[in-house]
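What's in entry18.cif: mmCIF, C-alpha atoms
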```
data_run
#
loop_
_atom_site.label_atom_id
_atom_site.label_comp_id
_atom_site.auth_asym_id
_atom_site.auth_seq_id
_atom_site.Cartn_x
_atom_site.Cartn_y
_atom_site.Cartn_z
CA MET I 661 4.58 -24.02 30.43
CA GLN I 662 1.10 -23.48 28.99
CA ALA I 663 -0.50 -24.39 32.31
CA GLN I 664 1.56 -21.83 34.16
CA VAL I 665 0.80 -19.06 31.68
CA GLU I 666 -2.89 -19.92 31.94
CA GLN I 667 -2.65 -19.71 35.70
CA TRP I 668 -0.82 -16.36 35.55
CA LEU I 669 -3.48 -14.89 33.28
CA LYS I 670 -6.36 -16.26 35.39
CA GLU I 671 -4.84 -15.06 38.65
CA GLY I 672 -4.09 -11.66 37.17
CA LYS I 673 -0.37 -12.03 37.80
CA VAL I 674 0.03 -10.79 34.24
CA ASP I 675 -2.47 -8.84 32.11
CA ILE I 676 -0.87 -9.83 28.86
CA PHE I 677 1.62 -12.55 27.95
CA ILE I 678 3.87 -12.14 24.95
CA GLY I 679 4.85 -15.49 23.49
CA TYR I 680 4.79 -17.39 20.24
CA LYS I 681 2.03 -19.11 18.34
CA ASN I 682 2.13 -21.22 15.21
CA ILE I 683 0.14 -19.38 12.55
CA ASP I 684 -0.02 -20.93 9.05
CA GLY I 685 3.20 -22.84 9.68
CA HIS I 686 5.10 -19.79 10.91
CA VAL I 687 6.04 -19.40 14.55
CA LEU I 688 5.05 -15.79 15.13
CA PRO I 689 4.93 -13.54 18.19
CA HIS I 690 1.49 -13.47 19.73
CA PHE I 691 -0.27 -11.70 22.60
CA PHE I 692 -2.05 -14.01 25.01
CA THR I 693 -4.77 -12.45 27.17
CA LYS I 694 -7.38 -13.54 29.69
CA GLU I 695 -10.15 -12.89 27.14
CA ASN I 696 -8.68 -15.47 24.75
CA ILE I 697 -7.44 -17.94 27.35
CA ASP I 698 -8.11 -20.91 25.03
CA GLU I 699 -5.27 -19.78 22.82
CA VAL I 700 -2.71 -20.48 25.57
CA LYS I 701 -2.65 -24.16 24.59
CA ASP I 702 -1.14 -23.04 21.26
CA LEU I 703 1.80 -21.36 23.01
CA VAL I 704 5.02 -22.66 21.51
CA VAL I 705 8.72 -21.85 21.79
CA GLY I 706 10.35 -23.19 18.65
CA GLN I 707 13.39 -21.67 17.02
CA ALA I 708 11.83 -18.24 16.92
CA HIS I 709 14.08 -15.20 16.80
CA TYR I 710 11.95 -12.18 17.49
CA SER I 711 12.54 -9.46 20.01
CA LEU I 712 9.63 -9.79 22.39
CA GLU I 713 11.25 -7.28 24.78
CA LYS I 714 11.00 -4.57 22.15
CA VAL I 715 7.33 -5.41 21.71
CA ALA I 716 6.93 -5.14 25.49
CA THR I 717 8.46 -1.64 25.50
CA LYS I 718 5.87 -0.52 22.96
CA VAL I 719 3.07 -1.93 25.13
CA ALA I 720 4.58 -0.26 28.21
CA VAL I 721 4.52 3.14 26.48
CA ASP I 722 0.73 2.93 26.03
CA HIS I 723 -0.07 1.19 29.29
CA PRO I 724 2.68 1.94 31.85
CA ASP I 725 0.92 0.02 34.64
CA MET I 726 0.16 -3.11 32.68
CA LYS I 727 1.70 -6.31 34.00
CA ILE I 728 3.46 -7.98 31.10
CA GLY I 729 4.61 -11.57 30.87
CA ILE I 730 7.41 -12.35 28.47
CA LEU I 731 8.61 -15.67 27.15
CA LEU I 732 12.38 -15.95 27.18
CA ALA I 733 13.24 -18.30 24.35
CA ARG I 734 16.95 -17.46 24.24
CA ASP I 735 19.52 -16.37 26.79
CA CYS I 736 19.88 -12.97 25.09
CA ASN I 737 16.26 -12.12 25.95
CA GLN I 738 17.22 -11.91 29.62
CA ARG I 739 20.19 -9.68 28.83
CA ALA I 740 17.97 -7.44 26.70
CA LEU I 741 15.53 -7.09 29.60
CA HIS I 742 18.37 -6.12 31.95
CA VAL I 743 19.52 -3.40 29.57
CA LEU I 744 15.95 -2.11 29.20
CA TYR I 745 15.58 -2.01 33.01
CA VAL I 746 18.87 -0.11 33.30
CA TRP I 747 17.65 2.47 30.79
CA ASN I 748 14.18 2.77 32.35
CA GLN I 749 12.37 1.46 29.31
CA LEU I 750 10.63 -1.25 31.31
CA ASN I 751 9.71 -1.43 34.96
CA PRO I 752 11.04 -4.69 36.43
CA ASN I 753 8.12 -4.76 38.90
CA HIS I 754 5.66 -5.07 36.04
CA ILE I 755 7.49 -7.79 34.15
CA GLN I 756 7.12 -11.52 34.65
CA THR I 757 9.41 -13.78 32.71
CA MET I 758 9.13 -17.40 31.77
CA GLU I 759 12.37 -19.12 30.87
CA ALA I 760 12.17 -21.70 28.15
CA PHE I 761 15.63 -21.70 26.66
CA GLU I 762 15.52 -23.91 23.62
CA ALA I 763 18.09 -22.06 21.60
CA SER I 764 21.23 -20.15 22.40
CA SER I 765 21.98 -16.80 20.85
CA ASP I 766 25.47 -18.05 20.04
CA LEU I 767 26.12 -19.15 16.51
CA GLU I 768 24.85 -22.70 16.28
CA GLN I 769 27.29 -23.79 13.63
CA PRO I 770 29.96 -21.72 11.94
CA GLU I 771 28.71 -20.65 8.57
CA VAL I 772 30.82 -21.45 5.56
CA THR I 773 32.06 -18.14 4.21
CA ALA I 774 31.85 -17.70 0.44
CA PRO I 775 35.27 -17.62 -1.30
CA TYR I 776 35.00 -14.00 -2.46
CA LYS I 777 33.96 -12.86 1.00
CA GLN I 778 36.87 -14.83 2.45
CA LYS I 779 39.24 -12.95 0.17
CA MET I 780 37.74 -9.49 0.44
CA GLY I 781 35.68 -9.26 3.59
CA LEU I 782 35.08 -10.73 7.01
CA GLY I 783 33.23 -13.91 7.80
CA LYS I 784 30.29 -14.04 10.19
CA SER I 785 31.88 -16.73 12.33
CA MET I 786 35.01 -14.64 12.96
CA LEU I 787 35.89 -13.33 16.41
CA PRO I 788 37.46 -9.92 17.12
CA LYS I 789 40.85 -11.57 17.65
CA ASP I 790 40.68 -13.20 14.20
CA VAL I 791 40.21 -9.77 12.64
CA GLU I 792 43.07 -8.31 14.66
CA ALA I 793 45.37 -10.85 13.04
CA PHE I 794 45.16 -8.79 9.83
CA ASP I 795 47.35 -5.68 9.62
CA GLN I 796 45.64 -2.32 9.95
CA ALA I 797 45.41 -1.50 6.23
CA GLU I 798 43.93 -4.87 5.39
CA ARG I 799 41.52 -4.71 8.30
CA PHE I 800 40.35 -1.32 7.07
CA SER I 801 39.89 -2.47 3.48
CA ARG I 802 38.04 -5.59 4.61
CA TRP I 803 35.67 -3.61 6.81
CA MET I 804 35.10 -1.06 4.06
CA TYR I 805 34.27 -3.87 1.64
CA GLU I 806 31.65 -5.12 4.09
CA PHE I 807 30.20 -1.67 4.77
CA SER I 808 30.09 -0.77 1.08
CA LYS I 809 27.55 -3.55 0.53
CA CYS I 810 25.04 -1.77 2.77
CA ILE I 811 21.73 -1.08 1.01
CA LYS I 812 20.71 1.35 3.75
CA CYS I 813 17.59 -0.49 4.85
CA TYR I 814 18.42 0.37 8.47
CA GLY I 815 16.98 -2.99 9.44
CA CYS I 816 19.80 -3.41 11.97
CA ARG I 817 18.49 -0.37 13.82
CA ASN I 818 14.82 -1.30 13.46
CA ILE I 819 15.17 -4.86 14.74
CA CYS I 820 17.55 -4.09 17.62
CA PRO I 821 15.89 -4.82 20.98
CA VAL I 822 17.98 -2.18 22.75
CA CYS I 823 17.51 0.56 20.12
CA PHE I 824 14.81 2.56 21.82
CA CYS I 825 15.82 6.24 21.51
CA LYS I 826 12.75 8.39 21.04
CA GLU I 827 14.70 10.64 18.74
CA CYS I 828 17.08 8.60 16.60
CA SER I 829 19.89 10.71 15.16
CA LEU I 830 19.16 9.02 11.85
CA GLU I 831 15.72 10.64 11.81
CA HIS I 832 16.71 13.97 13.33
CA LYS I 833 15.68 16.65 10.87
CA ASP I 834 18.73 18.81 11.58
CA LEU I 835 21.16 15.95 11.04
CA VAL I 836 19.56 14.12 8.12
CA ARG I 837 17.26 16.34 6.12
CA ALA I 838 14.24 14.88 4.35
CA GLY I 839 14.94 14.56 0.65
CA ASN I 840 18.73 14.42 1.15
CA LEU I 841 20.84 11.32 0.80
CA PRO I 842 21.33 9.29 3.99
CA PRO I 843 24.73 9.37 5.72
CA GLU I 844 27.61 8.06 3.65
CA ILE I 845 29.24 4.68 4.20
CA PRO I 846 30.69 3.96 6.80
CA ILE I 847 29.41 6.88 8.92
CA PHE I 848 26.13 5.24 9.85
CA HIS I 849 27.74 1.92 10.77
CA LEU I 850 30.40 3.47 12.94
CA VAL I 851 28.00 5.87 14.68
CA ARG I 852 25.72 2.96 15.40
CA ALA I 853 28.66 0.88 16.64
CA VAL I 854 29.53 3.62 19.14
CA HIS I 855 25.91 3.85 20.27
CA MET I 856 25.96 0.11 20.90
CA ALA I 857 28.65 0.46 23.57
CA GLY I 858 27.18 -0.79 26.84
CA ARG I 859 23.93 -1.64 25.12
CA CYS I 860 24.59 -4.45 22.67
CA ILE I 861 23.55 -7.73 24.24
CA ASP I 862 24.98 -9.85 21.42
CA CYS I 863 21.69 -11.35 20.29
CA GLY I 864 22.62 -11.37 16.61
CA LEU I 865 19.28 -10.09 15.34
CA CYS I 866 20.94 -7.23 13.40
CA GLU I 867 23.12 -9.66 11.51
CA GLU I 868 20.15 -11.90 10.78
CA ALA I 869 18.16 -8.95 9.46
CA CYS I 870 20.98 -7.63 7.26
CA PRO I 871 20.19 -8.27 3.58
CA ALA I 872 23.84 -7.53 2.69
CA ASP I 873 25.44 -10.05 5.10
CA ILE I 874 27.54 -7.47 6.91
CA PRO I 875 29.15 -9.09 10.01
CA LEU I 876 27.59 -6.55 12.39
CA ARG I 877 27.77 -8.86 15.35
CA LEU I 878 31.53 -9.02 15.03
CA LEU I 879 31.74 -5.21 15.04
CA TYR I 880 29.55 -4.86 18.13
CA ARG I 881 31.43 -7.67 19.86
CA LYS I 882 34.61 -5.65 19.48
CA VAL I 883 32.83 -2.58 20.90
CA ASP I 884 31.64 -4.68 23.81
CA GLU I 885 35.15 -5.97 24.38
CA ILE I 886 36.38 -2.37 24.76
CA VAL I 887 33.56 -1.63 27.22
CA GLN I 888 34.60 -4.65 29.26
CA ASP I 889 38.25 -3.59 29.25
CA VAL I 890 37.58 0.03 30.18
CA PHE I 891 34.65 -0.22 32.58
CA ASP I 892 34.77 -3.86 33.62
CA TYR I 893 31.08 -3.95 32.70
CA LYS I 894 29.49 -6.92 31.00
CA THR I 895 26.40 -5.67 29.20
CA GLY I 896 23.12 -7.20 30.25
CA THR I 897 24.44 -9.35 33.08
CA ASN I 898 22.68 -7.37 35.80
CA PRO I 899 19.78 -4.92 36.03
CA ASP I 900 21.79 -2.29 37.95
CA GLN I 901 23.17 0.95 36.61
CA SER I 902 25.43 0.89 33.58
CA PRO I 903 28.51 3.12 33.27
CA PHE I 904 26.74 4.84 30.38
CA SER I 905 23.48 5.74 32.12
CA VAL I 906 24.57 9.08 33.55
CA LEU I 907 21.22 9.85 35.16
CA GLY I 908 20.91 8.90 38.79
CA GLU I 909 22.50 9.58 42.14
CA LYS I 910 25.51 7.35 42.26
CA VAL I 911 28.26 6.22 39.95
CA VAL I 912 28.55 2.47 40.26
CA LEU I 913 31.46 1.79 37.99
CA GLU I 914 34.61 3.85 37.65
CA PRO I 915 36.53 3.76 34.40
CA THR I 916 39.85 1.98 34.52
CA PRO I 917 42.74 2.75 32.18
CA ILE I 918 43.10 0.55 29.12
CA ASN I 919 45.86 -2.00 29.52
CA GLU I 920 48.08 -1.62 26.52
CA MET X 866 -6.51 -3.06 24.68
CA ASP X 867 -6.13 -5.02 21.49
CA TYR X 868 -2.67 -6.10 20.41
CA LYS X 869 -1.94 -8.42 17.57
CA PHE X 870 0.54 -9.38 14.88
CA VAL X 871 -0.86 -9.83 11.40
CA PRO X 872 1.20 -11.81 8.87
CA SER X 873 1.04 -10.36 5.38
CA VAL X 874 2.98 -9.82 2.17
CA CYS X 875 4.78 -6.61 1.30
CA PRO X 876 2.84 -4.77 -1.42
CA TYR X 877 5.77 -2.78 -2.82
CA CYS X 878 7.52 -4.87 -5.47
CA GLY X 879 7.09 -8.25 -7.13
CA THR X 880 9.42 -10.06 -4.74
CA GLY X 881 6.70 -10.69 -2.20
CA CYS X 882 8.53 -10.54 1.13
CA GLY X 883 6.68 -11.81 4.18
CA VAL X 884 5.99 -9.19 6.81
CA LEU X 885 4.32 -8.96 10.19
CA PHE X 886 2.18 -5.96 10.94
CA GLU X 887 2.10 -4.82 14.53
CA VAL X 888 -1.44 -3.67 15.30
CA ILE X 889 -2.33 -1.82 18.49
CA ASP X 890 -6.00 -1.01 19.06
CA GLY X 891 -6.81 -1.33 15.37
CA LYS X 892 -3.98 0.96 14.31
CA LEU X 893 -0.95 -0.21 12.41
CA VAL X 894 2.13 0.91 14.35
CA GLY X 895 5.00 -1.19 13.07
CA THR X 896 6.32 -3.60 10.48
CA LEU X 897 8.63 -6.54 11.13
CA PRO X 898 10.06 -9.04 8.67
CA ASN X 899 8.70 -12.56 8.92
CA LYS X 900 11.72 -14.60 10.05
CA THR X 901 10.50 -17.89 8.65
CA HIS X 902 9.15 -16.65 5.34
CA PRO X 903 10.84 -18.52 2.45
CA VAL X 904 11.17 -15.38 0.30
CA ASN X 905 12.94 -12.90 2.54
CA GLU X 906 14.12 -15.05 5.49
CA GLY X 907 13.78 -12.24 8.00
CA LYS X 908 15.18 -9.45 5.87
CA LEU X 909 13.50 -6.38 4.40
CA CYS X 910 14.50 -3.29 2.43
CA ILE X 911 13.92 0.24 3.65
CA LYS X 912 10.55 0.46 1.93
CA GLY X 913 9.28 -2.70 3.56
CA TRP X 914 10.52 -1.66 6.99
CA ASN X 915 8.53 1.57 6.83
CA MET X 916 5.29 0.30 5.33
CA HIS X 917 3.17 1.31 8.31
CA GLU X 918 4.11 4.94 7.72
CA TYR X 919 2.46 5.27 4.36
CA ILE X 920 -0.62 3.36 5.44
CA ASN X 921 -1.21 5.92 8.19
CA SER X 922 -0.02 8.89 6.13
CA PHE X 923 -2.38 11.86 5.86
CA MET X 924 -1.23 12.21 2.26
CA ARG X 925 -2.60 8.79 1.36
CA LEU X 926 -5.12 8.74 -1.48
CA LYS X 927 -8.26 6.98 -0.28
CA GLN X 928 -10.68 8.02 -3.00
CA PRO X 929 -10.46 8.22 -6.78
CA LEU X 930 -9.80 11.66 -8.26
CA VAL X 931 -11.07 12.77 -11.65
CA LYS X 932 -9.52 15.70 -13.45
CA ALA X 933 -12.19 18.16 -14.50
CA PHE X 934 -11.67 21.79 -15.51
CA GLY X 935 -7.96 21.45 -14.80
CA ARG X 936 -8.41 20.33 -11.21
CA PHE X 937 -8.59 16.98 -9.45
CA MET X 938 -12.02 16.36 -7.97
CA LYS X 939 -12.87 13.66 -5.44
CA THR X 940 -15.41 11.17 -6.72
CA GLU X 941 -16.84 7.69 -6.15
CA TRP X 942 -15.48 4.54 -7.77
CA ASP X 943 -18.58 3.94 -9.97
CA GLU X 944 -18.41 7.47 -11.26
CA ALA X 945 -14.64 7.27 -11.88
CA ILE X 946 -14.94 3.98 -13.78
CA ARG X 947 -17.83 5.33 -15.87
CA ILE X 948 -15.88 8.45 -16.82
CA THR X 949 -12.81 6.36 -17.71
CA ALA X 950 -14.89 3.99 -19.85
CA ASP X 951 -16.55 6.89 -21.69
CA ARG X 952 -13.18 8.50 -22.42
CA PHE X 953 -11.75 5.16 -23.62
CA LYS X 954 -14.71 4.74 -26.00
CA GLU X 955 -14.20 8.26 -27.33
CA ILE X 956 -10.49 7.69 -27.94
CA ILE X 957 -11.04 4.28 -29.61
CA GLU X 958 -13.72 5.73 -31.94
CA LYS X 959 -11.60 8.71 -32.86
CA HIS X 960 -8.05 7.25 -33.08
CA GLY X 961 -8.49 3.45 -33.13
CA PRO X 962 -7.78 0.84 -30.40
CA ASP X 963 -4.00 0.96 -30.92
CA SER X 964 -3.95 4.46 -29.47
CA ILE X 965 -4.38 2.84 -26.04
CA GLY X 966 -1.76 0.83 -24.18
CA VAL X 967 -2.03 -1.19 -20.98
CA LEU X 968 0.86 -1.22 -18.53
CA VAL X 969 0.63 -4.04 -16.01
CA SER X 970 2.57 -4.40 -12.81
CA ALA X 971 4.80 -6.66 -10.75
CA LYS X 972 2.90 -5.63 -7.63
CA ILE X 973 -0.33 -7.31 -8.67
CA THR X 974 -0.93 -11.05 -8.89
CA ASN X 975 -0.45 -13.29 -11.89
CA GLU X 976 -4.22 -13.60 -12.27
CA GLU X 977 -4.72 -9.84 -12.19
CA ASN X 978 -2.01 -9.47 -14.83
CA TYR X 979 -3.85 -12.04 -16.93
CA LEU X 980 -7.09 -10.08 -16.56
CA ALA X 981 -5.34 -6.86 -17.54
CA GLN X 982 -3.98 -8.31 -20.79
CA LYS X 983 -7.38 -9.90 -21.48
CA PHE X 984 -8.94 -6.49 -21.01
CA ALA X 985 -6.44 -4.97 -23.45
CA ARG X 986 -6.89 -7.63 -26.14
CA ALA X 987 -10.58 -8.54 -25.84
CA VAL X 988 -12.18 -5.30 -24.65
CA ILE X 989 -10.02 -2.55 -26.06
CA GLY X 990 -8.69 -4.56 -29.01
CA THR X 991 -4.98 -3.82 -28.88
CA ASN X 992 -1.81 -5.81 -28.36
CA ASN X 993 -0.18 -2.87 -26.61
CA VAL X 994 0.52 -4.66 -23.33
CA ASP X 995 3.66 -4.06 -21.37
CA HIS X 996 5.04 -4.69 -17.92
CA CYS X 997 6.92 -2.44 -15.53
CA ALA X 998 9.55 -5.13 -14.92
CA ARG X 999 10.44 -5.44 -18.63
CA LEU X 1000 13.17 -2.81 -18.45
#
```
As structure tokens, how would this structure be written, given the file I've shared?
Amino acid sequence: MQAQVEQWLKEGKVDIFIGYKNIDGHVLPHFFTKENIDEVKDLVVGQAHYSLEKVATKVAVDHPDMKIGILLARDCNQRALHVLYVWNQLNPNHIQTMEAFEASSDLEQPEVTAPYKQKMGLGKSMLPKDVEAFDQAERFSRWMYEFSKCIKCYGCRNICPVCFCKECSLEHKDLVRAGNLPPEIPIFHLVRAVHMAGRCIDCGLCEEACPADIPLRLLYRKVDEIVQDVFDYKTGTNPDQSPFSVLGEKVVLEPTPINE
Amino acid sequence: MDYKFVPSVCPYCGTGCGVLFEVIDGKLVGTLPNKTHPVNEGKLCIKGWNMHEYINSFMRLKQPLVKAFGRFMKTEWDEAIRITADRFKEIIEKHGPDSIGVLVSAKITNEENYLAQKFARAVIGTNNVDHCARL
């Protein structure tokens, strides 16, 4: 892997390679360049969970013609790239990827849910069908319990690899005024859930970043399920147009009625 | 073209969450939580997430200000420390050392807190030492 990256940088196949390096015992994202080619031998994969694609979009904003190499450490990285291609955030011709899947973005082992959370809320290892087993009132109260824990850090939005809107409605001065309280619970969560339709690639970074242990992944999985039912579109599986990207000449996917 | 990630510690509260600063061409453009840091395990609060904003803020105070004739004037550190020391001396002579209190902080290190209480007890001569976290 290191040898190939070194070759890519030397040949000019990529100008910059975004991978991981062990710094002070932490596996951290790192930019590898031709100028510091010696560092390539320190390239590692590890169990790192950072969104290198999001980093790449920031680089692409400054240098649109730069050829960027990205390490794909998990299967969700590829899906994230597909979504970013669909939404014109990255140019697939300028991206080189290196697959080194060491970890899957699926839950490695089901977490043991704390007794109080079991009684009041929803566990992280639950699937949408497990939640649907509860009746509507209970489902609502369980979700509200989870949302009410939110400390409004908005880490879920900040860490999301497919959250790239230039003007986030959370920061829009006409919607949320400076000095006013942020949107009430659960408005933010539900608005974000709707925005995740056709975008969420199920990487689980939002859930990992949540200091309040809200099962966000479960919520977005349900949203994704609806997208699959209605549009027959599996987010991130291909770099072609999504049913939600309305710009462009042709409509690739027609909506189908929901099967009740 | 100079991109790098700089591991650091959040300066806001005493918790000490590990962060990663995203630096592009010498300018801080983003903050990420350090996923493997033992303190925060990849989580941050809203203040930590937006640290790069205050570092680049035009409102940021980069120089000491001394209040003279009812207005804040920009000055140098040596000058500011000299003025503070002179005023401390004046107050101690006039009202005694117990008219001064030292408030230390959770944001500074243990050693700096030690120095601050040493300053209060040995230099000023008061036991008026308190801490912002002692609510």
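Contacts from chain I to chain X at a cut-off of 6 Å (all atoms listed in the file) map to Cys813, Ala869 and Pro871 of chain I.
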Atoms kept (C-alpha atoms) for selection, written as a PDB file, in the coordinates of the input:
```pdb
ATOM      1  CA  CYS I 813      17.590  -0.490   4.850  1.00  0.00           C
ATOM      2  CA  ALA I 869      18.160  -8.950   9.460  1.00  0.00           C
ATOM      3  CA  PRO I 871      20.190  -8.270   3.580  1.00  0.00           C
TER       4      PRO I 871
END
```
Using all atoms listed in the file, which protein or nucleic acid residues come within 9 Å of stretch 968-976 of chain X? Drop anything in the same chain fewer than 3 positions from it, and give the result as an MDAnalysis selection string.
chainID X and resid 876:881 979:982 993:998
Give me the residues within 10 Å of I:Asp702 as a compact mmCIF listing (two decimals) with C-alpha atoms, keeping the file's coordinate frame, counting all atoms listed in the file and dropping any in the same chain fewer than 4 places off.
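Saved the output as result.txt:
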```txt
# COMPACT_ATOMS: atom_id res chain seq x y z
CA GLN I 662 1.10 -23.48 28.99
CA GLY I 679 4.85 -15.49 23.49
CA TYR I 680 4.79 -17.39 20.24
CA LYS I 681 2.03 -19.11 18.34
CA ASN I 682 2.13 -21.22 15.21
CA ILE I 683 0.14 -19.38 12.55
CA PHE I 692 -2.05 -14.01 25.01
CA ASP I 698 -8.11 -20.91 25.03
```
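Considering only C-alpha atoms, the residue among I:Cys828, I:Met661, I:Met726, I:Leu878 positioned nearest to I:Asn753 is I:Met726.
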Can you tell me how far atom CA of I:Ala760 sits from atom CA of I:Cys816, in Å to one decimal?
25.6 Å
Taking (-5.6, 2.7, -28.6) as a centre in this file's frame and 10 Å as the limit, can you find every polymer residue with an atom that close, using all atoms listed in the file, and give them as a PyMOL selection string?
chain X and resi 953-954+956-967+985+989-993
What does the structure give for the distance between atom CA of I:Gly729 and atom CA of I:Val665, in Å to one decimal?
8.4 Å
Would you be able to write out as a PyMOL selection string which residues have an atom within 6 Å of (17.3, -3.7, 24.6) in the file's coordinates, counting all atoms listed in the file?
chain I and resi 740+743-744+821-822
Around all listed atoms of stretch 883-897 of chain X, padded 3 Å per side, what centre and edge lengths does the axis-aligned box have in Å to one decimal, as JSON?
```
{"center_x": 0.9, "center_y": -5.4, "center_z": 11.6, "size_x": 21.4, "size_y": 18.8, "size_z": 20.9}
```
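Atom CA of I:Ile819 is positioned 21.7 Å from atom CA of I:Glu759.
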Selection: 12 Å around stretch 835-842 of chain I, only C-alpha atoms, excl. self and same-chain fewer than 4 positions, as a count of residues only
15
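Nearest residue to X:Cys882 among X:Met938, X:Ala950, X:Val904, X:Ala987 is X:Val904, counting all atoms listed in the file.
Summary of the local environment: counting all atoms listed in the file, residues at most 10 Å from I:Leu865, other than itself and those fewer than 5 positions away along its chain, are His709, Tyr710, Ser711, Ser765, Gly815, Cys816, Arg817, Ile819, Cys820, Pro821, Cys870, Leu876 and Arg877 of chain I; Gly907 of chain X.
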Those residues with C-alpha atoms, as a PDB file, in the coordinates of the input please?
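This is the output file result.pdb:
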```
ATOM      1  CA  HIS I 709      14.080 -15.200  16.800  1.00  0.00           C
ATOM      2  CA  TYR I 710      11.950 -12.180  17.490  1.00  0.00           C
ATOM      3  CA  SER I 711      12.540  -9.460  20.010  1.00  0.00           C
ATOM      4  CA  SER I 765      21.980 -16.800  20.850  1.00  0.00           C
ATOM      5  CA  GLY I 815      16.980  -2.990   9.440  1.00  0.00           C
ATOM      6  CA  CYS I 816      19.800  -3.410  11.970  1.00  0.00           C
ATOM      7  CA  ARG I 817      18.490  -0.370  13.820  1.00  0.00           C
ATOM      8  CA  ILE I 819      15.170  -4.860  14.740  1.00  0.00           C
ATOM      9  CA  CYS I 820      17.550  -4.090  17.620  1.00  0.00           C
ATOM     10  CA  PRO I 821      15.890  -4.820  20.980  1.00  0.00           C
ATOM     11  CA  CYS I 870      20.980  -7.630   7.260  1.00  0.00           C
ATOM     12  CA  LEU I 876      27.590  -6.550  12.390  1.00  0.00           C
ATOM     13  CA  ARG I 877      27.770  -8.860  15.350  1.00  0.00           C
TER      14      ARG I 877
ATOM     15  CA  GLY X 907      13.780 -12.240   8.000  1.00  0.00           C
TER      16      GLY X 907
END
```
Residues returned when the PyMOL selection byres ((chain I and resi 749) around 10) runs on this file, as number ranges by chain:
I: 713-714, 716-718, 720-721, 741, 743-748, 750-752, 822, 824-825
Can you tell me which residues surround X:Thr949 at a distance of at most 12 Å, considering all atoms listed in the file, apart from same-chain residues fewer than 6 positions away, and format the answer as a short mmCIF file (atom, residue, chain, number, x, y, z; two decimals) with C-alpha atoms, in the frame of the given file?
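Written out: selection-v1.cif:
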```
data_model
loop_
_atom_site.label_atom_id
_atom_site.label_comp_id
_atom_site.auth_asym_id
_atom_site.auth_seq_id
_atom_site.Cartn_x
_atom_site.Cartn_y
_atom_site.Cartn_z
CA PRO X 929 -10.46 8.22 -6.78
CA LEU X 930 -9.80 11.66 -8.26
CA VAL X 931 -11.07 12.77 -11.65
CA LYS X 932 -9.52 15.70 -13.45
CA TRP X 942 -15.48 4.54 -7.77
CA ASP X 943 -18.58 3.94 -9.97
CA GLU X 955 -14.20 8.26 -27.33
CA ILE X 956 -10.49 7.69 -27.94
#
```
